[in-house]
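This report refers to the structure that appears directly beneath it.
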Amino acid sequence: MIRLRLAGYALLGLAALGAGSAWAEGMTTRRVAVGLSRPVFATAPPADTERLFLVEQHTGRIKILRLDTAEMNATPFLDIVGLATGNEQGLLGLAFHPDYAHNGYFYVNFTASGGGTTHIRRYRVSADPDVADPGSPTTVLAYSQPQSNHNGGWLGFGPNDGFLYIATGDGGGSDDNDAGHTAGTGNAQDITDNLLGKILRIDVNGDDFPDDPNRSYAIPPTNPFVGLPGDDEIWAYGLRNPWRPSFDRLTGDLYIADVGQNAREEIDFQSAASSGGENYGWRLREGTIATPSGGVGGPAPPGAVDPIHEYGHTGAPNGGFSITGGYVYRGPIATLYGVYFFADYVSEQIWSLRFDGTNKTEFLNRTTELAPRVESIDAIASFGEDAQGNLYLVDLGGTDNDGEVFKILPDADNDGIADDQDNCALAPNPDQLDTDHDVVGDVCDPDDDNDCYPDSLEAQLASDPLVPDILAGDVDCSGTVSITDLVEVRGGFGLTSADPGWNPDLDVDGSGSISILDLVQVRANFGATLPASAP
């Protein structure tokens, strides 16, 4: 084994590692869940590093994936009945209360059968942490949908303020101009008695409407339209169908992926320092241009905010037709830290970028990089984020029970497989063995023996009958078999490979235990010295 004490060989070993140890540079995906029925979201309770909760759109089931074993619990966490099941309807969102560990509250967003009304409902976990109490629901908010599409569906808690944010689509009519859409204005630009085409912000820890069974929440006093014309729940508006917005868990910045109509897909951005009230332009604007269809396009509304990124309906590799929002990566892959990921559901492209609040940099197409060698990722309905900041791709699937979930993982050797070979850093990955304690994981080491010398030197010594055999006995890697080697072996006397403190270097005969036979072999080679001519 190459040791740091053999300086010449150590430098060669470290140089080789340096050339290939940028383990965070590459990445790939590994499939972690299969057999799902139209999965549309994945998330986890705060600080819960053992589970990932998977949302099925039309079955109404929320399932639990055990992250340590990649096995699905046999019993769903929750099974909601009475859903509308049009293509864009069903169970669409899930968010855990910031204090879930103590109050057990979580919130869902779904469209109900018999009209497609959107319900924001609160449930509570049962005494069994893997099963919700189905008899515990409270309707937090309900609002009607004029059409079956553009339901939004995302909801999430602000990491800085603890309020619940809800994304609503414009109601579904083309050009925001159909039955149930405000004539001459559209729902998204109407801020008077109209919750559609918006980001809403409410306080679920209070109730300003005790007599209304469909409004069990309080209005945050700092919402932008409190005391002004406009619905007090509105936080931002001018959105067509915000699909999978997300908060940067570190900064609190909000990224809003808004699905376009005939021309542009866009990503809107709201700084964590915002006081709300942003108008993102729809229906007058589609991205940075006037909406080109329906005769509804025009100049940007006063104060309207342009997207930080947009792309046209041109297909792969640079465009698409239905954006899927993602997350700012805050997981363990160092070079991805702070990178925002997003995708297109139709063109099946995956991209990333960085945004510092002013400038967009590092825009990259990640599709090839994140496509596994065997499995395919196509209908990307959502990204997911676990409690440790790892990201997942949620594949809706094409037929019943073929939905899948993939985890983004490092791929240092760029072979398209997340495996032990990707952990060749100076310090081994926590799940990787380092039996000789040389701070290089065993699978990455240029020598697989538990001794001091690289394979090339061992081969030379073994083939030269004039060179004394020091391969067995020089356990302190000094280049000479001496009394210090005997002392080291004696210090581990009686240990086996199953014992704490086991050091395989002291197991001279490779038997799996340190015994008198190891002492005998060291003593037999006393005085053997590494030749000066050795390479």
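Please note that chains go A, B, ... in the order of the structure tokens, that every chain numbers its residues from 1, and that ligands are numbered from 1 in the order shown.
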Exercise for review: Name all residues at most 8 Å from Leu83 (chain A) (count only C-alpha atoms; drop same-chain ones fewer than 2 positions away) and give them as a ChimeraX atom specification.
Suggested key: /A:58,60,80-81,85,89-91,110-113
Please return as a PDB file with C-alpha atoms, in the first residue's frame: the residues of region 365-395 of chain A that backbone DSSP assigns to strand (DSSP E or B).
ATOM      1  CA  ASN A 365     -27.805  21.473 -20.305  1.00  0.00           C
ATOM      2  CA  ILE A 380     -40.275  14.926 -15.547  1.00  0.00           C
ATOM      3  CA  ALA A 381     -43.270  16.085 -13.555  1.00  0.00           C
ATOM      4  CA  SER A 382     -41.315  17.440 -10.612  1.00  0.00           C
ATOM      5  CA  PHE A 383     -38.079  17.637  -8.716  1.00  0.00           C
ATOM      6  CA  GLY A 384     -37.937  16.628  -5.072  1.00  0.00           C
ATOM      7  CA  GLU A 385     -35.761  17.608  -2.124  1.00  0.00           C
ATOM      8  CA  LEU A 391     -32.365  16.416  -5.174  1.00  0.00           C
ATOM      9  CA  TYR A 392     -34.579  13.896  -6.950  1.00  0.00           C
ATOM     10  CA  LEU A 393     -36.226  13.695 -10.374  1.00  0.00           C
ATOM     11  CA  VAL A 394     -39.844  12.542 -10.399  1.00  0.00           C
ATOM     12  CA  ASP A 395     -40.858  10.755 -13.610  1.00  0.00           C
TER      13      ASP A 395
END
Practice item. Assign secondary structure with DSSP using the backbone only, and return the residues of region 165-348 of chain A in helix (DSSP H, G or I) as a list of chain:residue names. Key: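 So the helix (DSSP H, G or I) residues in region 165-348 of chain A would be A:Ser174, A:Asp175, A:Asp176, A:Ala334, A:Thr335, A:Leu336.
Atom pair CA of Thr138 (chain A) / CA of Ser216 (chain A) has a distance of 7.9 Å (rounded to one decimal).
By only C-alpha atoms, and with residues fewer than 5 positions from Phe341 (chain A) along its chain excluded, the set lying at most 10 Å from it is Thr324, Gly325, Gly326, Tyr327, Val328, Tyr329, Leu336, Ile350, Trp351, Ser352, Leu353, Arg354, Phe363, Leu364, Asn365, Arg366, Phe383 and Leu391 of chain A.
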Requested write-out: C-alpha atoms of the selected residues, as a compact mmCIF listing (two decimals), in the first residue's frame:
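Okay, this is what ended up in again.txt:
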# COMPACT_ATOMS: atom_id res chain seq x y z
CA THR A 324 -40.95 21.98 -14.59
CA GLY A 325 -39.51 23.99 -11.74
CA GLY A 326 -36.84 22.57 -9.47
CA TYR A 327 -34.63 23.64 -6.58
CA VAL A 328 -31.45 25.42 -5.68
CA TYR A 329 -29.12 22.57 -4.76
CA LEU A 336 -23.41 22.02 -7.31
CA ILE A 350 -32.76 19.11 -17.80
CA TRP A 351 -30.87 22.37 -17.20
CA SER A 352 -29.19 24.29 -14.42
CA LEU A 353 -28.06 27.84 -13.75
CA ARG A 354 -26.79 30.10 -11.00
CA PHE A 363 -26.34 27.92 -17.67
CA LEU A 364 -25.85 24.25 -18.64
CA ASN A 365 -27.80 21.47 -20.30
CA ARG A 366 -27.60 18.51 -17.89
CA PHE A 383 -38.08 17.64 -8.72
CA LEU A 391 -32.36 16.42 -5.17
Study note, to complete from the structure: Correct to one decimal, the distance CA of Val34 (chain A)-CA of Thr168 (chain A) is 29.4 Å
Practice item. Pick out the closest residue to Tyr340 (chain A) from this set: A:Ile256, A:Val405, A:Ile120, A:Ala95. Count only C-alpha atoms. Key: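 Checking each candidate against Tyr340 (chain A), we get A:Ile256 as the closest.
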Near region 507-520 of chain A, counting only C-alpha atoms, which residues have an atom at most 10 Å away, once you skip same-chain residues fewer than 4 positions from it, shown as a PDB file with N, CA and C atoms, in the first residue's frame?
ATOM      1  N   ASN A 450      -2.794  -4.874   1.974  1.00  0.00           N
ATOM      2  CA  ASN A 450      -2.675  -4.128   3.219  1.00  0.00           C
ATOM      3  C   ASN A 450      -1.221  -4.084   3.668  1.00  0.00           C
ATOM      4  N   ASP A 451      -0.357  -3.514   2.835  1.00  0.00           N
ATOM      5  CA  ASP A 451       1.041  -3.396   3.198  1.00  0.00           C
ATOM      6  C   ASP A 451       1.580  -2.071   2.694  1.00  0.00           C
ATOM      7  N   LEU A 471       8.387  -7.885   2.262  1.00  0.00           N
ATOM      8  CA  LEU A 471       6.968  -7.588   2.080  1.00  0.00           C
ATOM      9  C   LEU A 471       6.158  -8.040   3.286  1.00  0.00           C
ATOM     10  N   ALA A 472       6.600  -9.103   3.933  1.00  0.00           N
ATOM     11  CA  ALA A 472       5.951  -9.569   5.142  1.00  0.00           C
ATOM     12  C   ALA A 472       6.847  -9.234   6.321  1.00  0.00           C
ATOM     13  N   GLY A 473       6.437  -8.268   7.087  1.00  0.00           N
ATOM     14  CA  GLY A 473       7.198  -7.939   8.285  1.00  0.00           C
ATOM     15  C   GLY A 473       7.430  -6.468   8.502  1.00  0.00           C
ATOM     16  N   ASP A 474       7.506  -5.654   7.423  1.00  0.00           N
ATOM     17  CA  ASP A 474       7.766  -4.216   7.597  1.00  0.00           C
ATOM     18  C   ASP A 474       6.434  -3.494   7.830  1.00  0.00           C
ATOM     19  N   VAL A 475       5.836  -3.743   8.980  1.00  0.00           N
ATOM     20  CA  VAL A 475       4.496  -3.219   9.226  1.00  0.00           C
ATOM     21  C   VAL A 475       4.500  -1.719   9.532  1.00  0.00           C
ATOM     22  N   ASP A 485       8.749  -3.149  14.338  1.00  0.00           N
ATOM     23  CA  ASP A 485       7.680  -3.911  13.691  1.00  0.00           C
ATOM     24  C   ASP A 485       7.153  -4.986  14.633  1.00  0.00           C
ATOM     25  N   LEU A 486       8.086  -5.626  15.333  1.00  0.00           N
ATOM     26  CA  LEU A 486       7.682  -6.650  16.285  1.00  0.00           C
ATOM     27  C   LEU A 486       6.809  -6.060  17.390  1.00  0.00           C
ATOM     28  N   VAL A 487       7.206  -4.880  17.874  1.00  0.00           N
ATOM     29  CA  VAL A 487       6.448  -4.209  18.935  1.00  0.00           C
ATOM     30  C   VAL A 487       5.034  -3.863  18.448  1.00  0.00           C
ATOM     31  N   GLU A 488       4.924  -3.366  17.191  1.00  0.00           N
ATOM     32  CA  GLU A 488       3.604  -3.001  16.669  1.00  0.00           C
ATOM     33  C   GLU A 488       2.694  -4.219  16.573  1.00  0.00           C
ATOM     34  N   VAL A 489       3.251  -5.328  16.076  1.00  0.00           N
ATOM     35  CA  VAL A 489       2.436  -6.538  15.967  1.00  0.00           C
ATOM     36  C   VAL A 489       2.037  -7.027  17.355  1.00  0.00           C
ATOM     37  N   ARG A 490       2.981  -6.978  18.277  1.00  0.00           N
ATOM     38  CA  ARG A 490       2.671  -7.430  19.646  1.00  0.00           C
ATOM     39  C   ARG A 490       1.567  -6.578  20.268  1.00  0.00           C
ATOM     40  N   GLY A 491       1.517  -5.270  19.892  1.00  0.00           N
ATOM     41  CA  GLY A 491       0.491  -4.383  20.455  1.00  0.00           C
ATOM     42  C   GLY A 491      -0.915  -4.726  19.996  1.00  0.00           C
ATOM     43  N   GLY A 492      -1.021  -5.424  18.861  1.00  0.00           N
ATOM     44  CA  GLY A 492      -2.346  -5.815  18.392  1.00  0.00           C
ATOM     45  C   GLY A 492      -2.669  -7.266  18.638  1.00  0.00           C
ATOM     46  N   PHE A 493      -1.843  -7.911  19.439  1.00  0.00           N
ATOM     47  CA  PHE A 493      -1.960  -9.350  19.665  1.00  0.00           C
ATOM     48  C   PHE A 493      -3.363  -9.709  20.164  1.00  0.00           C
ATOM     49  N   GLY A 494      -3.977 -10.719  19.513  1.00  0.00           N
ATOM     50  CA  GLY A 494      -5.285 -11.212  19.941  1.00  0.00           C
ATOM     51  C   GLY A 494      -6.459 -10.596  19.205  1.00  0.00           C
ATOM     52  N   LEU A 495      -6.255  -9.495  18.498  1.00  0.00           N
ATOM     53  CA  LEU A 495      -7.358  -8.859  17.780  1.00  0.00           C
ATOM     54  C   LEU A 495      -7.722  -9.662  16.533  1.00  0.00           C
ATOM     55  N   THR A 496      -9.000  -9.625  16.196  1.00  0.00           N
ATOM     56  CA  THR A 496      -9.467 -10.225  14.945  1.00  0.00           C
ATOM     57  C   THR A 496     -10.082  -9.133  14.080  1.00  0.00           C
ATOM     58  N   SER A 497     -10.395  -9.470  12.841  1.00  0.00           N
ATOM     59  CA  SER A 497     -10.924  -8.491  11.898  1.00  0.00           C
ATOM     60  C   SER A 497     -12.278  -7.948  12.318  1.00  0.00           C
ATOM     61  N   ALA A 498     -12.951  -8.624  13.265  1.00  0.00           N
ATOM     62  CA  ALA A 498     -14.261  -8.159  13.722  1.00  0.00           C
ATOM     63  C   ALA A 498     -14.167  -7.209  14.904  1.00  0.00           C
ATOM     64  N   ASP A 499     -12.954  -7.010  15.430  1.00  0.00           N
ATOM     65  CA  ASP A 499     -12.796  -6.216  16.651  1.00  0.00           C
ATOM     66  C   ASP A 499     -12.585  -4.734  16.346  1.00  0.00           C
ATOM     67  N   TRP A 502      -9.128  -2.859  14.866  1.00  0.00           N
ATOM     68  CA  TRP A 502      -8.434  -3.802  13.991  1.00  0.00           C
ATOM     69  C   TRP A 502      -7.595  -3.050  12.968  1.00  0.00           C
ATOM     70  N   ASN A 503      -6.342  -3.480  12.800  1.00  0.00           N
ATOM     71  CA  ASN A 503      -5.442  -2.905  11.801  1.00  0.00           C
ATOM     72  C   ASN A 503      -4.913  -4.043  10.943  1.00  0.00           C
ATOM     73  N   ALA A 524      11.391 -13.724  11.613  1.00  0.00           N
ATOM     74  CA  ALA A 524      12.168 -14.434  10.606  1.00  0.00           C
ATOM     75  C   ALA A 524      12.772 -13.489   9.580  1.00  0.00           C
ATOM     76  N   ASN A 525      12.186 -12.307   9.409  1.00  0.00           N
ATOM     77  CA  ASN A 525      12.671 -11.365   8.399  1.00  0.00           C
ATOM     78  C   ASN A 525      13.459 -10.202   8.999  1.00  0.00           C
TER      79      ASN A 525
END
